[in-house]
Each structure stands twice: as structure tokens, then as C-alpha cells.
>>> print(open('start39.pdb').read())   # PDB, C-alpha atoms
ATOM      1  CA  MET A   1      -3.641 -20.087   2.256
ATOM      2  CA  ALA A   2      -1.639 -18.488   5.085
ATOM      3  CA  SER A   3      -2.486 -14.982   6.230
ATOM      4  CA  PHE A   4      -0.112 -12.036   6.019
ATOM      5  CA  VAL A   5      -2.284  -9.624   8.008
ATOM      6  CA  PHE A   6      -5.219 -10.256  10.320
ATOM      7  CA  PHE A   7      -7.324  -7.585  12.037
ATOM      8  CA  ASP A   8      -9.176  -9.007  15.026
ATOM      9  CA  GLU A   9     -12.090  -6.780  16.117
ATOM     10  CA  VAL A  10     -10.113  -3.545  15.806
ATOM     11  CA  TYR A  11     -11.525  -0.246  17.050
ATOM     12  CA  LYS A  12      -9.941   3.171  16.476
ATOM     13  CA  THR A  13     -11.216   6.635  17.394
ATOM     14  CA  PHE A  14      -9.755  10.038  16.503
ATOM     15  CA  ASP A  15     -11.035  13.199  18.220
ATOM     16  CA  SER A  16     -14.178  11.416  19.404
ATOM     17  CA  LYS A  17     -14.893  10.144  15.863
ATOM     18  CA  GLU A  18     -15.056   6.355  15.719
ATOM     19  CA  VAL A  19     -13.295   5.362  12.488
ATOM     20  CA  LEU A  20     -12.868   1.591  12.864
ATOM     21  CA  ARG A  21     -15.712  -0.169  14.650
ATOM     22  CA  GLY A  22     -14.731  -3.758  15.287
ATOM     23  CA  LEU A  23     -12.917  -4.289  12.004
ATOM     24  CA  THR A  24     -12.158  -7.911  11.197
ATOM     25  CA  LEU A  25     -10.133  -8.548   8.047
ATOM     26  CA  LEU A  26      -7.782 -11.274   6.834
ATOM     27  CA  VAL A  27      -5.288 -10.586   4.054
ATOM     28  CA  ARG A  28      -3.946 -13.732   2.434
ATOM     29  CA  LYS A  29      -0.241 -14.083   1.841
ATOM     30  CA  GLY A  30       0.588 -13.451  -1.823
ATOM     31  CA  GLU A  31      -2.725 -11.890  -2.859
ATOM     32  CA  VAL A  32      -3.703  -8.458  -4.143
ATOM     33  CA  LEU A  33      -6.382  -7.156  -1.801
ATOM     34  CA  VAL A  34      -8.046  -3.871  -2.699
ATOM     35  CA  ILE A  35      -9.912  -1.998   0.028
ATOM     36  CA  LEU A  36     -12.658   0.148  -1.456
ATOM     37  CA  GLY A  37     -14.630   2.833   0.335
ATOM     38  CA  GLY A  38     -15.561   6.464   0.298
ATOM     39  CA  SER A  39     -13.355   9.332   1.459
ATOM     40  CA  GLY A  40     -12.850   9.487   5.212
ATOM     41  CA  THR A  41     -14.014   5.935   5.876
ATOM     42  CA  GLY A  42     -10.731   4.770   7.411
ATOM     43  CA  LYS A  43      -9.004   3.028   4.526
ATOM     44  CA  THR A  44      -5.646   4.709   5.157
ATOM     45  CA  VAL A  45      -6.024   4.087   8.897
ATOM     46  CA  ILE A  46      -6.039   0.363   8.117
ATOM     47  CA  LEU A  47      -2.687   0.660   6.335
ATOM     48  CA  LYS A  48      -1.200   2.656   9.206
ATOM     49  CA  HIS A  49      -2.165  -0.094  11.651
ATOM     50  CA  ILE A  50      -0.264  -2.667   9.566
ATOM     51  CA  VAL A  51       3.057  -0.856  10.056
ATOM     52  CA  GLY A  52       2.320   0.357  13.565
ATOM     53  CA  LEU A  53       1.994   4.060  12.739
ATOM     54  CA  VAL A  54      -1.175   4.006  14.841
ATOM     55  CA  PRO A  55      -2.138   1.378  17.442
ATOM     56  CA  PRO A  56      -5.657   0.040  17.904
ATOM     57  CA  ASP A  57      -7.719   1.311  20.817
ATOM     58  CA  ARG A  58      -9.142  -2.175  21.149
ATOM     59  CA  GLY A  59      -8.582  -5.395  19.258
ATOM     60  CA  ARG A  60      -5.412  -6.852  17.781
ATOM     61  CA  VAL A  61      -3.423  -6.605  14.560
ATOM     62  CA  PHE A  62      -1.366  -9.596  13.465
ATOM     63  CA  VAL A  63       1.390  -9.416  10.834
ATOM     64  CA  GLU A  64       2.708 -12.825   9.788
ATOM     65  CA  GLY A  65       1.210 -14.322  12.943
ATOM     66  CA  LYS A  66       2.726 -11.814  15.373
ATOM     67  CA  ASP A  67       0.486  -9.500  17.384
ATOM     68  CA  ILE A  68       2.072  -6.069  16.763
ATOM     69  CA  SER A  69      -0.679  -4.116  18.510
ATOM     70  CA  ARG A  70       1.519  -3.084  21.441
ATOM     71  CA  PHE A  71       4.961  -3.226  19.820
ATOM     72  CA  ASP A  72       7.327  -0.372  20.607
ATOM     73  CA  GLU A  73       9.360   1.406  17.919
ATOM     74  CA  ASN A  74      12.303  -1.006  18.178
ATOM     75  CA  GLN A  75      10.019  -4.018  17.809
ATOM     76  CA  LEU A  76       8.291  -2.418  14.824
ATOM     77  CA  LEU A  77      11.504  -1.823  12.850
ATOM     78  CA  PRO A  78      11.792  -5.360  11.414
ATOM     79  CA  VAL A  79       8.072  -5.304  10.555
ATOM     80  CA  ARG A  80       8.437  -2.034   8.655
ATOM     81  CA  ARG A  81      11.475  -3.303   6.753
ATOM     82  CA  ARG A  82       9.371  -6.173   5.413
ATOM     83  CA  VAL A  83       6.552  -3.863   4.291
ATOM     84  CA  GLY A  84       6.887  -1.171   1.622
ATOM     85  CA  PHE A  85       4.532   1.820   1.830
ATOM     86  CA  LEU A  86       3.569   3.936  -1.182
ATOM     87  CA  PHE A  87       2.128   7.135   0.256
ATOM     88  CA  GLN A  88      -0.686   8.997  -1.484
ATOM     89  CA  GLY A  89       1.419  11.893  -2.753
ATOM     90  CA  GLY A  90       4.532   9.792  -3.278
ATOM     91  CA  ALA A  91       6.306  11.596  -0.392
ATOM     92  CA  LEU A  92       9.495  12.094  -2.405
ATOM     93  CA  PHE A  93      12.218  14.296  -0.943
ATOM     94  CA  ASP A  94      12.103  17.448  -3.062
ATOM     95  CA  SER A  95      15.759  18.262  -2.370
ATOM     96  CA  MET A  96      16.995  14.879  -3.634
ATOM     97  CA  SER A  97      17.388  13.566  -7.169
ATOM     98  CA  VAL A  98      15.463  10.531  -8.370
ATOM     99  CA  PHE A  99      18.503   8.326  -7.732
ATOM    100  CA  ASP A 100      19.008   9.599  -4.186
ATOM    101  CA  ASN A 101      15.296   9.272  -3.379
ATOM    102  CA  VAL A 102      15.279   5.617  -4.398
ATOM    103  CA  ALA A 103      18.658   4.930  -2.770
ATOM    104  CA  PHE A 104      17.699   6.560   0.546
ATOM    105  CA  PRO A 105      16.304   3.413   2.295
ATOM    106  CA  LEU A 106      19.378   1.396   1.274
ATOM    107  CA  ARG A 107      21.727   3.995   2.730
ATOM    108  CA  GLU A 108      19.672   4.197   5.914
ATOM    109  CA  HIS A 109      19.024   0.511   6.550
ATOM    110  CA  THR A 110      21.748  -1.543   4.842
ATOM    111  CA  THR A 111      25.525  -1.765   4.628
ATOM    112  CA  LEU A 112      25.602  -2.125   0.846
ATOM    113  CA  SER A 113      28.447  -0.444  -1.012
ATOM    114  CA  GLU A 114      27.711   2.473  -3.337
ATOM    115  CA  ALA A 115      28.350   0.171  -6.304
ATOM    116  CA  GLU A 116      25.764  -2.312  -4.999
ATOM    117  CA  ILE A 117      23.321   0.527  -4.293
ATOM    118  CA  HIS A 118      23.828   1.821  -7.839
ATOM    119  CA  ASP A 119      22.969  -1.577  -9.321
ATOM    120  CA  ARG A 120      19.903  -2.155  -7.174
ATOM    121  CA  VAL A 121      18.511   1.349  -7.729
ATOM    122  CA  HIS A 122      18.762   0.959 -11.494
ATOM    123  CA  GLU A 123      17.209  -2.505 -11.338
ATOM    124  CA  LYS A 124      14.155  -1.133  -9.503
ATOM    125  CA  ILE A 125      13.894   1.974 -11.678
ATOM    126  CA  ARG A 126      13.802  -0.272 -14.764
ATOM    127  CA  LEU A 127      11.195  -2.477 -13.113
ATOM    128  CA  VAL A 128       8.800   0.474 -12.846
ATOM    129  CA  GLY A 129       9.374   1.467 -16.459
ATOM    130  CA  LEU A 130      11.812   4.354 -16.033
ATOM    131  CA  GLU A 131      15.407   4.820 -17.202
ATOM    132  CA  ASN A 132      17.936   7.611 -17.600
ATOM    133  CA  ILE A 133      16.258   9.929 -15.088
ATOM    134  CA  ASP A 134      18.732   9.605 -12.187
ATOM    135  CA  TRP A 135      19.582  13.293 -12.220
ATOM    136  CA  MET A 136      16.035  14.640 -12.370
ATOM    137  CA  MET A 137      14.462  16.381  -9.398
ATOM    138  CA  PRO A 138      10.917  15.547  -8.234
ATOM    139  CA  ASP A 139       9.493  18.922  -9.294
ATOM    140  CA  LYS A 140      10.448  18.133 -12.902
ATOM    141  CA  LEU A 141       8.519  14.863 -12.969
ATOM    142  CA  SER A 142       4.972  14.300 -14.185
ATOM    143  CA  GLY A 143       2.425  12.892 -11.729
ATOM    144  CA  GLY A 144       2.745   9.426 -13.207
ATOM    145  CA  MET A 145       6.546   9.526 -13.065
ATOM    146  CA  ARG A 146       6.460  10.602  -9.408
ATOM    147  CA  LYS A 147       4.251   7.614  -8.606
ATOM    148  CA  ARG A 148       6.686   5.268 -10.342
ATOM    149  CA  VAL A 149       9.728   6.709  -8.578
ATOM    150  CA  ALA A 150       7.894   6.393  -5.256
ATOM    151  CA  LEU A 151       7.074   2.785  -6.128
ATOM    152  CA  ALA A 152      10.726   2.058  -6.944
ATOM    153  CA  ARG A 153      11.674   3.444  -3.524
ATOM    154  CA  ALA A 154       8.946   1.384  -1.824
ATOM    155  CA  ILE A 155      10.342  -1.858  -3.266
ATOM    156  CA  ILE A 156      14.057  -1.049  -2.968
ATOM    157  CA  LEU A 157      14.429  -3.042   0.277
ATOM    158  CA  GLU A 158      12.685  -5.983  -1.453
ATOM    159  CA  PRO A 159       9.744  -6.169   0.971
ATOM    160  CA  GLU A 160       7.384  -9.072   1.463
ATOM    161  CA  ALA A 161       4.354  -6.801   1.158
ATOM    162  CA  LEU A 162       3.451  -3.481  -0.430
ATOM    163  CA  LEU A 163       0.865  -1.030   0.878
ATOM    164  CA  TYR A 164      -0.572   1.495  -1.579
ATOM    165  CA  ASP A 165      -2.435   4.568  -0.324
ATOM    166  CA  GLU A 166      -4.692   5.907  -3.118
ATOM    167  CA  PRO A 167      -2.074   5.244  -5.830
ATOM    168  CA  THR A 168      -4.101   6.734  -8.705
ATOM    169  CA  THR A 169      -5.297   9.943  -7.028
ATOM    170  CA  GLY A 170      -4.703  12.979  -9.237
ATOM    171  CA  LEU A 171      -3.853  10.972 -12.343
ATOM    172  CA  ASP A 172      -5.634  11.194 -15.689
ATOM    173  CA  PRO A 173      -7.503   8.091 -16.936
ATOM    174  CA  ILE A 174      -4.711   6.928 -19.263
ATOM    175  CA  THR A 175      -2.031   7.237 -16.581
ATOM    176  CA  THR A 176      -4.358   5.595 -14.043
ATOM    177  CA  LYS A 177      -4.718   2.573 -16.317
ATOM    178  CA  TRP A 178      -0.944   2.428 -16.818
ATOM    179  CA  VAL A 179      -0.243   2.629 -13.065
ATOM    180  CA  SER A 180      -2.851  -0.063 -12.381
ATOM    181  CA  THR A 181      -1.152  -2.385 -14.866
ATOM    182  CA  LEU A 182       2.227  -1.569 -13.315
ATOM    183  CA  MET A 183       0.999  -2.459  -9.810
ATOM    184  CA  ARG A 184      -0.202  -5.837 -11.031
ATOM    185  CA  ASN A 185       3.054  -6.490 -12.921
ATOM    186  CA  VAL A 186       5.220  -5.554  -9.926
ATOM    187  CA  HIS A 187       3.120  -7.825  -7.713
ATOM    188  CA  GLU A 188       3.582 -10.786 -10.033
ATOM    189  CA  LYS A 189       7.297 -10.218 -10.632
ATOM    190  CA  LEU A 190       8.163  -9.804  -6.953
ATOM    191  CA  LYS A 191       5.640 -12.406  -5.721
ATOM    192  CA  ILE A 192       4.594 -10.309  -2.747
ATOM    193  CA  THR A 193       1.423  -9.431  -0.857
ATOM    194  CA  SER A 194      -0.199  -6.213  -2.112
ATOM    195  CA  ILE A 195      -2.780  -4.182  -0.189
ATOM    196  CA  ILE A 196      -4.267  -1.234  -2.062
ATOM    197  CA  VAL A 197      -6.699   1.329  -0.657
ATOM    198  CA  THR A 198      -8.582   3.357  -3.233
ATOM    199  CA  HIS A 199     -11.919   4.841  -4.203
ATOM    200  CA  ASN A 200     -11.183   4.190  -7.908
ATOM    201  CA  ILE A 201     -13.465   1.332  -8.863
ATOM    202  CA  GLN A 202     -12.003   0.732 -12.336
ATOM    203  CA  SER A 203      -8.469   0.463 -10.985
ATOM    204  CA  ALA A 204      -9.634  -1.863  -8.197
ATOM    205  CA  MET A 205     -11.302  -4.254 -10.604
ATOM    206  CA  ALA A 206      -8.240  -4.306 -12.862
ATOM    207  CA  VAL A 207      -5.707  -5.319 -10.220
ATOM    208  CA  ALA A 208      -7.490  -7.145  -7.389
ATOM    209  CA  ASP A 209      -7.631 -10.813  -6.522
ATOM    210  CA  ARG A 210     -10.179  -9.836  -3.879
ATOM    211  CA  VAL A 211     -11.979  -6.597  -3.046
ATOM    212  CA  ALA A 212     -13.053  -5.554   0.463
ATOM    213  CA  PHE A 213     -15.675  -2.818   0.843
ATOM    214  CA  LEU A 214     -15.238  -0.702   3.982
ATOM    215  CA  TYR A 215     -18.379   0.917   5.347
ATOM    216  CA  ARG A 216     -18.873   2.576   8.729
ATOM    217  CA  GLY A 217     -15.705   1.093  10.166
ATOM    218  CA  ARG A 218     -16.296  -2.518   9.170
ATOM    219  CA  ILE A 219     -15.912  -4.705   6.116
ATOM    220  CA  LYS A 220     -19.379  -4.912   4.598
ATOM    221  CA  PHE A 221     -18.396  -7.208   1.731
ATOM    222  CA  ILE A 222     -15.323  -9.100   0.574
ATOM    223  CA  GLY A 223     -14.927 -11.227  -2.540
ATOM    224  CA  THR A 224     -13.519 -11.387  -6.049
ATOM    225  CA  PRO A 225     -14.092  -8.516  -8.481
ATOM    226  CA  ASP A 226     -16.811 -10.549 -10.200
ATOM    227  CA  GLU A 227     -18.472 -11.315  -6.872
ATOM    228  CA  ILE A 228     -18.567  -7.699  -5.713
ATOM    229  CA  MET A 229     -19.894  -6.519  -9.081
ATOM    230  CA  ALA A 230     -22.696  -9.073  -8.729
ATOM    231  CA  CYS A 231     -23.389  -8.180  -5.081
ATOM    232  CA  ASP A 232     -26.992  -7.165  -4.480
ATOM    233  CA  ASP A 233     -26.378  -5.282  -1.218
ATOM    234  CA  PRO A 234     -27.910  -1.851  -1.894
ATOM    235  CA  ILE A 235     -25.097   0.092  -0.190
ATOM    236  CA  VAL A 236     -22.366  -1.757  -2.106
ATOM    237  CA  HIS A 237     -24.363  -1.457  -5.319
ATOM    238  CA  GLU A 238     -24.832   2.291  -4.865
ATOM    239  CA  PHE A 239     -21.105   2.835  -4.246
ATOM    240  CA  LEU A 240     -20.158   0.884  -7.369
ATOM    241  CA  ARG A 241     -22.575   2.973  -9.430
ATOM    242  CA  SER A 242     -21.266   6.304  -8.075
TER
END
>>> encode(input="start39.pdb", output="C-alpha cells")
Amino acid sequence: MASFVFFDEVYKTFDSKEVLRGLTLLVRKGEVLVILGGSGTGKTVILKHIVGLVPPDRGRVFVEGKDISRFDENQLLPVRRRVGFLFQGGALFDSMSVFDNVAFPLREHTTLSEAEIHDRVHEKIRLVGLENIDWMMPDKLSGGMRKRVALARAIILEPEALLYDEPTTGLDPITTKWVSTLMRNVHEKLKITSIIVTHNIQSAMAVADRVAFLYRGRIKFIGTPDEIMACDDPIVHEFLRS
């Protein structure tokens, strides 16, 4: 299977703290890869490397075979248009309605007419299980609804890959289960590559094709949900029991 992303011995340090320490990781095209690890281990830093928000100090990052490690902002634009990013808090614009939040990338990056934007926005809002909320403002939405609106915005440009940064943080167990199911359904309907970073073990096992465990800046284990649950590495085992 072809790769969508490949990290080749990537190192990254912030304020003298070494976060990634020779990270090597291959993400297969079309899979759901979940990156598990504790808080502050560098999971989000991995996502930021994929869209060039931070460059590696050493090593290389390949997206669809292209080394983007030293791309400038203009070179990164087409990469970012192919990759949707669901930020941890949703990152909705508080001053915009649901409709305008979801429509924003289309107005910024396409020449679609308002009629075409209207149709696509409603298509994506339906896909994430919401309807008749165009007029609502973000502060009137529940946590789960905010996540779904943010997801609709992340897929509005019909990307080839989706990056999720802690998508179930702050959600109750029932909503977490619902969002996990939604992520899997969106993946299968759009036939994209999905990369999810989380510390939620139950959610990871529900959605992943493969799970990578990040520890001290490197991937300590990678395999299917069944394989990681059966792993006898004491560090992996302790994390899964926590």
C-alpha cells in the first residue's frame, strides 16, 4: 500500500526540550492511523509537521512522496488544501454563524458561486449529522455540535486526508462514542486518509486500522488494535491500563 505521510528520522526541540527524537513513521494511504500517547509527548507536533506549521530540526517529512521539510509558505499551500485539520477546540470563529464558519474555506480558496457554496455547505453539514442550524452561533452549540461543525469545515474542501487533534477532549462518554463513530463513517464515505492523535484509548480502538504508541519522541509500537492490546511491552501495557 502506498504511503501518504512518511517521517524519516525527525527531530524537533522546543525551548531546549527535545520532543521528537528520531521519529520514523509511515502512514498508509487510505488508512485510519491513531497516534496514542500521554499529554505533552508530541502527538500534536506530529500533525503540525504534516501541514508544515513547524519544520523538523533534522530529518525529513514526506507527504505523498514530496519532501516538504523545507517548503516555503507558497509551496505549502497546495499541501494544506489537500489536508483537513480538526483542531482540538474546534477553532470556530465565534463571530460567524455555523453556515459562515463552514463556508469560510470555500470563500477563501475557491471561485464557487454562493449557490454552489450553499449546496456544498449543506451537504457537509448533513454528512456530520446536523441540519437546520445554519443561523446558530458557536456559543449556542453543545461541545459535540461544535466538534461536528468543525469537522464539516475541515472536509468542506474535500481533502485527501484529515488530521484530528484530540477530537474527543472535553466530551462526555456518550458523545465521545458518537463522535468516534462519526469519524469512522466520514472516513469510509469520503475514502480518505485519517490521522487521529488522542489519549482516549476506547476511542482509538473503535476507529483505528492501526495504532501507533508515541513514547519519548519515538514510535514504541505500531500495529492493529488487537495487536496493541496483546502487546507485552510493559510501558505500552501500563499506558493501556491507565
>>> closest_atom_pairs(input="start39.pdb", of="stretch 108-215 of chain A", to="stretch 38-51 of chain A", cutoff="12 Å", atoms="all atoms listed in the file", output="tab-separated table")
residue	atom	partner	partner_atom	distance
A:Ala161	CA	A:Ile50	CA	10.4
A:Leu162	CA	A:Leu47	CA	10.0
A:Leu163	CA	A:Leu47	CA	6.7
A:Tyr164	CA	A:Leu47	CA	8.2
A:Asp165	CA	A:Thr44	CA	6.4
A:Glu166	CA	A:Thr44	CA	8.4
A:Pro167	CA	A:Thr44	CA	11.6
A:Thr169	CA	A:Ser39	CA	11.7
A:Ser194	CA	A:Leu47	CA	11.2
A:Ile195	CA	A:Leu47	CA	8.1
A:Ile196	CA	A:Leu47	CA	8.8
A:Val197	CA	A:Lys43	CA	5.9
A:Thr198	CA	A:Lys43	CA	7.8
A:His199	CA	A:Gly38	CA	6.0
A:Asn200	CA	A:Gly38	CA	9.6
A:Ile201	CA	A:Gly38	CA	10.7
A:Ala212	CA	A:Lys43	CA	10.3
A:Phe213	CA	A:Gly38	CA	9.3
A:Leu214	CA	A:Thr41	CA	7.0
A:Tyr215	CA	A:Thr41	CA	6.7
>>> closest_residue(input="start39.pdb", among="A:Leu190, A:Leu36, A:Arg241, A:Val102", to="A:Gly223", atoms="all atoms listed in the file")
A:Leu36
>>> resolve_selection(input="start39.pdb", expression="the PyMOL selection byres ((chain A and resi 91-100) around 8)", output="list of chain:residue names")
A:Phe87, A:Gln88, A:Gly89, A:Gly90, A:Asn101, A:Val102, A:Ala103, A:Phe104, A:Val121, A:Ile133, A:Asp134, A:Trp135, A:Met136, A:Met137, A:Pro138, A:Asp139, A:Arg146, A:Val149, A:Ala150
>>> atom_distance(input="start39.pdb", atom1="atom CA of A:Asp15", atom2="atom CA of A:Phe62")
25.2 Å
>>> resolve_selection(input="start39.pdb", expression="the PyMOL selection byres ((chain A and resi 28) around 6)", output="mmCIF file with C-alpha atoms, in the frame of the given file")
data_model
loop_
_atom_site.group_PDB
_atom_site.id
_atom_site.type_symbol
_atom_site.label_atom_id
_atom_site.label_comp_id
_atom_site.auth_asym_id
_atom_site.auth_seq_id
_atom_site.Cartn_x
_atom_site.Cartn_y
_atom_site.Cartn_z
ATOM 1 C CA ALA A 2 -1.639 -18.488 5.085
ATOM 2 C CA SER A 3 -2.486 -14.982 6.230
ATOM 3 C CA PHE A 4 -0.112 -12.036 6.019
ATOM 4 C CA VAL A 27 -5.288 -10.586 4.054
ATOM 5 C CA LYS A 29 -0.241 -14.083 1.841
ATOM 6 C CA GLU A 31 -2.725 -11.890 -2.859
#
>>> residues_around(input="start39.pdb", residues="stretch 69-73 of chain A", least_positions_apart="4", cutoff="8 Å", atoms="all atoms listed in the file", output="NGL selection string")
:A and (52 or 55-56 or 60-62 or 77)
>>> atom_distance(input="start39.pdb", atom1="atom CA of A:Val211", atom2="atom CA of A:Lys66")
24.1 Å
>>> resolve_selection(input="start39.pdb", expression="the PyMOL selection byres ((chain A and resi 82) around 9)", output="JSON, numbers by chain")
{"A": [77, 78, 79, 80, 81, 83, 84, 157, 158, 159, 160, 161, 162]}
>>> atom_distance(input="start39.pdb", atom1="atom CA of A:Arg120", atom2="atom CA of A:Pro105")
11.6 Å
>>> closest_residue(input="start39.pdb", among="A:Ala152, A:Val5, A:Ile228, A:Met183", to="A:Glu131", atoms="only C-alpha atoms")
A:Ala152
>>> closest_residue(input="start39.pdb", among="A:Leu76, A:Val236, A:Met205, A:Val54", to="A:Ile219", atoms="all atoms listed in the file")
A:Val236
>>> residues_around(input="start39.pdb", residues="A:Arg184", least_positions_apart="4", cutoff="12 Å", atoms="all atoms listed in the file", output="MDAnalysis selection string")
chainID A and resid 30:34 128 162 164 177:180 188:196 203:209
>>> build_atoms(input="start39.pdb", residues="stretch 6-16 of chain A", atoms="all heavy atoms", output="tab-separated table (two decimals), in the coordinates of the input")
chain	number	residue	atom	x	y	z
A	6	PHE	N	-3.89	-9.94	9.78
A	6	PHE	CA	-5.22	-10.26	10.32
A	6	PHE	C	-5.61	-9.20	11.34
A	6	PHE	O	-4.88	-8.94	12.30
A	6	PHE	CB	-5.24	-11.64	10.97
A	6	PHE	CG	-6.56	-12.00	11.61
A	6	PHE	CD1	-7.73	-12.00	10.85
A	6	PHE	CD2	-6.64	-12.30	12.96
A	6	PHE	CE1	-8.95	-12.31	11.42
A	6	PHE	CE2	-7.85	-12.62	13.54
A	6	PHE	CZ	-9.02	-12.63	12.77
A	7	PHE	N	-6.74	-8.53	11.09
A	7	PHE	CA	-7.32	-7.58	12.04
A	7	PHE	C	-8.40	-8.32	12.83
A	7	PHE	O	-9.34	-8.87	12.25
A	7	PHE	CB	-7.97	-6.41	11.31
A	7	PHE	CG	-7.00	-5.40	10.77
A	7	PHE	CD1	-6.24	-5.67	9.63
A	7	PHE	CD2	-6.84	-4.17	11.39
A	7	PHE	CE1	-5.35	-4.74	9.13
A	7	PHE	CE2	-5.95	-3.22	10.90
A	7	PHE	CZ	-5.20	-3.50	9.77
A	8	ASP	N	-8.25	-8.30	14.15
A	8	ASP	CA	-9.18	-9.01	15.03
A	8	ASP	C	-9.97	-8.01	15.86
A	8	ASP	O	-9.48	-7.49	16.85
A	8	ASP	CB	-8.38	-9.96	15.93
A	8	ASP	CG	-9.26	-10.74	16.89
A	8	ASP	OD1	-10.47	-10.87	16.63
A	8	ASP	OD2	-8.73	-11.24	17.91
A	9	GLU	N	-11.17	-7.67	15.39
A	9	GLU	CA	-12.09	-6.78	16.12
A	9	GLU	C	-11.40	-5.47	16.53
A	9	GLU	O	-11.34	-5.12	17.72
A	9	GLU	CB	-12.65	-7.50	17.35
A	9	GLU	CG	-13.62	-8.62	17.03
A	9	GLU	CD	-14.97	-8.08	16.54
A	9	GLU	OE1	-15.47	-7.10	17.14
A	9	GLU	OE2	-15.50	-8.63	15.56
A	10	VAL	N	-10.88	-4.76	15.54
A	10	VAL	CA	-10.11	-3.54	15.81
A	10	VAL	C	-11.02	-2.31	15.85
A	10	VAL	O	-11.82	-2.08	14.94
A	10	VAL	CB	-9.00	-3.36	14.74
A	10	VAL	CG1	-8.36	-1.97	14.86
A	10	VAL	CG2	-7.94	-4.45	14.90
A	11	TYR	N	-10.82	-1.52	16.89
A	11	TYR	CA	-11.52	-0.25	17.05
A	11	TYR	C	-10.49	0.88	17.08
A	11	TYR	O	-9.42	0.73	17.67
A	11	TYR	CB	-12.31	-0.21	18.36
A	11	TYR	CG	-13.52	-1.10	18.39
A	11	TYR	CD1	-13.39	-2.47	18.61
A	11	TYR	CD2	-14.80	-0.58	18.23
A	11	TYR	CE1	-14.50	-3.30	18.65
A	11	TYR	CE2	-15.93	-1.40	18.27
A	11	TYR	CZ	-15.76	-2.76	18.48
A	11	TYR	OH	-16.87	-3.58	18.52
A	12	LYS	N	-10.83	2.01	16.43
A	12	LYS	CA	-9.94	3.17	16.48
A	12	LYS	C	-10.78	4.44	16.40
A	12	LYS	O	-11.63	4.59	15.51
A	12	LYS	CB	-8.94	3.16	15.32
A	12	LYS	CG	-7.86	4.24	15.45
A	12	LYS	CD	-6.99	4.02	16.69
A	12	LYS	CE	-6.01	5.14	16.91
A	12	LYS	NZ	-5.19	4.91	18.12
A	13	THR	N	-10.50	5.38	17.33
A	13	THR	CA	-11.22	6.64	17.39
A	13	THR	C	-10.22	7.79	17.33
A	13	THR	O	-9.16	7.73	17.96
A	13	THR	CB	-12.03	6.73	18.70
A	13	THR	OG1	-13.00	5.68	18.71
A	13	THR	CG2	-12.75	8.07	18.81
A	14	PHE	N	-10.55	8.82	16.57
A	14	PHE	CA	-9.76	10.04	16.50
A	14	PHE	C	-10.66	11.22	16.84
A	14	PHE	O	-11.68	11.42	16.17
A	14	PHE	CB	-9.16	10.24	15.10
A	14	PHE	CG	-8.16	9.20	14.69
A	14	PHE	CD1	-8.54	8.16	13.85
A	14	PHE	CD2	-6.85	9.25	15.14
A	14	PHE	CE1	-7.62	7.20	13.45
A	14	PHE	CE2	-5.92	8.29	14.75
A	14	PHE	CZ	-6.31	7.26	13.91
A	15	ASP	N	-10.27	12.00	17.85
A	15	ASP	CA	-11.04	13.20	18.22
A	15	ASP	C	-12.52	12.90	18.37
A	15	ASP	O	-13.38	13.59	17.80
A	15	ASP	CB	-10.83	14.31	17.18
A	15	ASP	CG	-9.37	14.75	17.10
A	15	ASP	OD1	-8.70	14.75	18.14
A	15	ASP	OD2	-8.93	15.06	15.98
A	16	SER	N	-12.81	11.87	19.09
A	16	SER	CA	-14.18	11.42	19.40
A	16	SER	C	-14.93	10.84	18.19
A	16	SER	O	-16.09	10.46	18.30
A	16	SER	CB	-15.02	12.53	20.05
A	16	SER	OG	-15.42	13.50	19.10
